[in-house]
file work_9.txt (compact mmCIF, N, CA and C atoms)
# COMPACT_ATOMS: atom_id res chain seq x y z
N MET Q 1 68.98 252.01 98.28
CA MET Q 1 67.97 252.63 97.46
C MET Q 1 66.67 252.67 98.24
N GLN Q 2 66.02 253.81 98.24
CA GLN Q 2 64.82 254.01 99.02
C GLN Q 2 63.59 253.85 98.12
N LEU Q 3 62.63 253.02 98.54
CA LEU Q 3 61.40 252.84 97.80
C LEU Q 3 60.25 252.94 98.77
N LEU Q 4 59.39 253.92 98.57
CA LEU Q 4 58.25 254.15 99.45
C LEU Q 4 57.01 254.21 98.59
N ILE Q 5 56.03 253.38 98.89
CA ILE Q 5 54.79 253.37 98.12
C ILE Q 5 53.63 253.47 99.10
N ASN Q 6 52.78 254.47 98.90
CA ASN Q 6 51.52 254.55 99.61
C ASN Q 6 50.44 254.99 98.62
N LYS Q 7 49.25 255.26 99.08
CA LYS Q 7 48.14 255.56 98.16
C LYS Q 7 48.34 256.84 97.36
N ASN Q 8 48.98 257.83 97.94
CA ASN Q 8 49.07 259.15 97.30
C ASN Q 8 50.43 259.49 96.73
N ASN Q 9 51.46 258.76 97.09
CA ASN Q 9 52.80 259.17 96.71
C ASN Q 9 53.66 257.94 96.42
N ILE Q 10 54.38 257.98 95.33
CA ILE Q 10 55.35 256.94 95.01
C ILE Q 10 56.71 257.60 94.93
N MET Q 11 57.63 257.16 95.77
CA MET Q 11 58.95 257.75 95.78
C MET Q 11 59.96 256.62 95.56
N ILE Q 12 60.76 256.76 94.52
CA ILE Q 12 61.74 255.72 94.22
C ILE Q 12 63.10 256.09 94.82
N LEU Q 13 63.62 257.23 94.46
CA LEU Q 13 64.92 257.65 94.99
C LEU Q 13 64.82 258.91 95.84
N GLY Q 14 63.72 259.62 95.80
CA GLY Q 14 63.52 260.80 96.63
C GLY Q 14 64.19 262.06 96.11
N VAL Q 15 64.61 262.06 94.85
CA VAL Q 15 65.34 263.21 94.31
C VAL Q 15 64.42 264.43 94.18
N SER Q 16 63.21 264.25 93.69
CA SER Q 16 62.32 265.40 93.48
C SER Q 16 61.98 266.08 94.80
N GLU Q 17 61.67 265.28 95.80
CA GLU Q 17 61.34 265.86 97.11
C GLU Q 17 62.56 266.54 97.73
N TRP Q 18 63.72 265.93 97.62
CA TRP Q 18 64.96 266.51 98.14
C TRP Q 18 65.27 267.83 97.45
N LEU Q 19 65.14 267.84 96.11
CA LEU Q 19 65.44 269.04 95.34
C LEU Q 19 64.43 270.15 95.63
N SER Q 20 63.17 269.79 95.83
CA SER Q 20 62.17 270.82 96.16
C SER Q 20 62.46 271.46 97.50
N GLY Q 21 62.97 270.69 98.44
CA GLY Q 21 63.36 271.26 99.73
C GLY Q 21 64.54 272.19 99.62
N LYS Q 22 65.49 271.85 98.75
CA LYS Q 22 66.67 272.69 98.55
C LYS Q 22 66.35 273.99 97.82
N LEU Q 23 65.46 273.90 96.81
CA LEU Q 23 65.18 275.07 95.98
C LEU Q 23 63.94 275.85 96.41
N GLY Q 24 63.10 275.22 97.23
CA GLY Q 24 61.87 275.87 97.65
C GLY Q 24 60.78 275.85 96.58
N TRP Q 25 60.87 274.92 95.65
CA TRP Q 25 59.87 274.79 94.58
C TRP Q 25 58.89 273.69 94.93
N ASP Q 26 57.78 273.65 94.20
CA ASP Q 26 56.78 272.62 94.39
C ASP Q 26 57.29 271.29 93.81
N VAL Q 27 57.05 270.19 94.49
CA VAL Q 27 57.52 268.88 94.05
C VAL Q 27 56.92 268.51 92.70
N LYS Q 28 55.66 268.85 92.49
CA LYS Q 28 55.01 268.52 91.22
C LYS Q 28 55.69 269.19 90.04
N MET Q 29 56.11 270.43 90.22
CA MET Q 29 56.77 271.15 89.13
C MET Q 29 58.12 270.53 88.80
N ILE Q 30 58.83 270.06 89.80
CA ILE Q 30 60.12 269.41 89.56
C ILE Q 30 59.92 268.09 88.83
N ARG Q 31 58.91 267.32 89.24
CA ARG Q 31 58.62 266.06 88.55
C ARG Q 31 58.23 266.30 87.11
N ILE Q 32 57.42 267.32 86.86
CA ILE Q 32 57.04 267.65 85.49
C ILE Q 32 58.26 268.05 84.68
N ALA Q 33 59.16 268.80 85.27
CA ALA Q 33 60.39 269.21 84.57
C ALA Q 33 61.24 267.99 84.20
N PHE Q 34 61.34 267.01 85.09
CA PHE Q 34 62.08 265.79 84.77
C PHE Q 34 61.43 265.03 83.62
N VAL Q 35 60.12 264.92 83.64
CA VAL Q 35 59.40 264.21 82.56
C VAL Q 35 59.59 264.94 81.23
N VAL Q 36 59.46 266.25 81.24
CA VAL Q 36 59.66 267.02 80.01
C VAL Q 36 61.10 266.87 79.52
N GLY Q 37 62.04 266.86 80.44
CA GLY Q 37 63.44 266.67 80.07
C GLY Q 37 63.69 265.32 79.42
N VAL Q 38 63.02 264.30 79.89
CA VAL Q 38 63.16 262.97 79.30
C VAL Q 38 62.52 262.92 77.93
N LEU Q 39 61.33 263.50 77.80
CA LEU Q 39 60.60 263.42 76.54
C LEU Q 39 61.22 264.25 75.42
N PHE Q 40 61.71 265.43 75.74
CA PHE Q 40 62.20 266.32 74.69
C PHE Q 40 63.69 266.21 74.43
N ALA Q 41 64.48 266.15 75.46
CA ALA Q 41 65.93 266.18 75.25
C ALA Q 41 66.63 264.90 75.70
N GLY Q 42 65.94 264.08 76.47
CA GLY Q 42 66.55 262.85 76.95
C GLY Q 42 67.54 263.06 78.09
N VAL Q 43 67.62 264.27 78.60
CA VAL Q 43 68.59 264.57 79.67
C VAL Q 43 67.99 264.43 81.06
N GLY Q 44 66.68 264.30 81.15
CA GLY Q 44 66.03 264.24 82.46
C GLY Q 44 66.47 263.05 83.28
N LEU Q 45 66.60 261.89 82.65
CA LEU Q 45 67.00 260.68 83.38
C LEU Q 45 68.44 260.78 83.87
N GLY Q 46 69.33 261.26 83.01
CA GLY Q 46 70.73 261.43 83.41
C GLY Q 46 70.87 262.44 84.53
N LEU Q 47 70.16 263.54 84.41
CA LEU Q 47 70.19 264.57 85.45
C LEU Q 47 69.63 264.02 86.76
N TYR Q 48 68.56 263.24 86.67
CA TYR Q 48 67.96 262.62 87.85
C TYR Q 48 68.97 261.73 88.57
N LEU Q 49 69.68 260.91 87.81
CA LEU Q 49 70.67 260.01 88.42
C LEU Q 49 71.85 260.77 89.02
N ILE Q 50 72.29 261.83 88.34
CA ILE Q 50 73.37 262.66 88.88
C ILE Q 50 72.94 263.32 90.19
N LEU Q 51 71.71 263.84 90.22
CA LEU Q 51 71.21 264.47 91.45
C LEU Q 51 71.02 263.45 92.56
N TRP Q 52 70.69 262.21 92.21
CA TRP Q 52 70.58 261.16 93.23
C TRP Q 52 71.94 260.91 93.88
N ILE Q 53 72.98 260.87 93.07
CA ILE Q 53 74.33 260.68 93.60
C ILE Q 53 74.72 261.85 94.50
N VAL Q 54 74.42 263.07 94.06
CA VAL Q 54 74.71 264.25 94.88
C VAL Q 54 73.95 264.18 96.20
N LYS Q 55 72.69 263.76 96.14
CA LYS Q 55 71.87 263.64 97.34
C LYS Q 55 72.48 262.62 98.31
N MET Q 56 72.96 261.50 97.78
CA MET Q 56 73.53 260.46 98.64
C MET Q 56 74.80 260.95 99.35
N PHE Q 57 75.62 261.75 98.66
CA PHE Q 57 76.86 262.24 99.26
C PHE Q 57 76.65 263.48 100.14
N SER Q 58 75.49 264.13 100.04
CA SER Q 58 75.26 265.33 100.83
C SER Q 58 74.73 265.04 102.22
N LYS Q 59 74.45 263.79 102.54
CA LYS Q 59 73.92 263.46 103.88
C LYS Q 59 74.98 263.46 104.92
call {"tool": "encode", "arguments": {"input": "work_9.txt", "output": "structure tokens"}}
result
Amino acid sequence: MQLLINKNNIMILGVSEWLSGKLGWDVKMIRIAFVVGVLFAGVGLGLYLILWIVKMFSK
């Protein structure tokens, strides 16, 4: 598990940054989408974990 903490960025699993590179979207928009998914439907956390697993196997 990767944990990187500095003054401007906190990365726990790196899913948002990895997904932004794959899709060409802004990292902030992906993070906002995950938060909205957690707050409204509760699927954001599950999707985040599934994408983390996909990221680990895609290396």
call {"tool": "axis_aligned_box", "arguments": {"input": "work_9.txt", "around": "stretch 22-31 of chain Q", "padding_each_side": "3 Å", "output": "lines of an AutoDock Vina configuration file"}}
result
center_x = 60.8
center_y = 271.0
center_z = 92.9
size_x = 17.7
size_y = 15.8
size_z = 17.6
call {"tool": "closest_residue", "arguments": {"input": "work_9.txt", "among": "Q:Leu39, Q:Val27, Q:Ala33, Q:Leu47", "to": "Q:Gly14", "atoms": "only C-alpha atoms"}}
result
Q:Val27
call {"tool": "atom_distance", "arguments": {"input": "work_9.txt", "atom1": "atom CA of Q:Val43", "atom2": "atom CA of Q:Ser58"}}
result
22.2 Å
call {"tool": "residues_around", "arguments": {"input": "work_9.txt", "residues": "Q:Val15", "least_positions_apart": "3", "cutoff": "7 Å", "atoms": "all atoms listed in the file", "output": "VMD selection string"}}
result
chain Q and resid 12 18 to 20 48 51 to 52
call {"tool": "closest_residue", "arguments": {"input": "work_9.txt", "among": "Q:Met56, Q:Leu45, Q:Phe40, Q:Ser16", "to": "Q:Lys28", "atoms": "all atoms listed in the file"}}
result
Q:Ser16
call {"tool": "atom_distance", "arguments": {"input": "work_9.txt", "atom1": "atom CA of Q:Glu17", "atom2": "atom N of Q:Lys55"}}
result
11.6 Å
call {"tool": "atom_distance", "arguments": {"input": "work_9.txt", "atom1": "atom CA of Q:Asp26", "atom2": "atom N of Q:Leu49"}}
result
18.6 Å
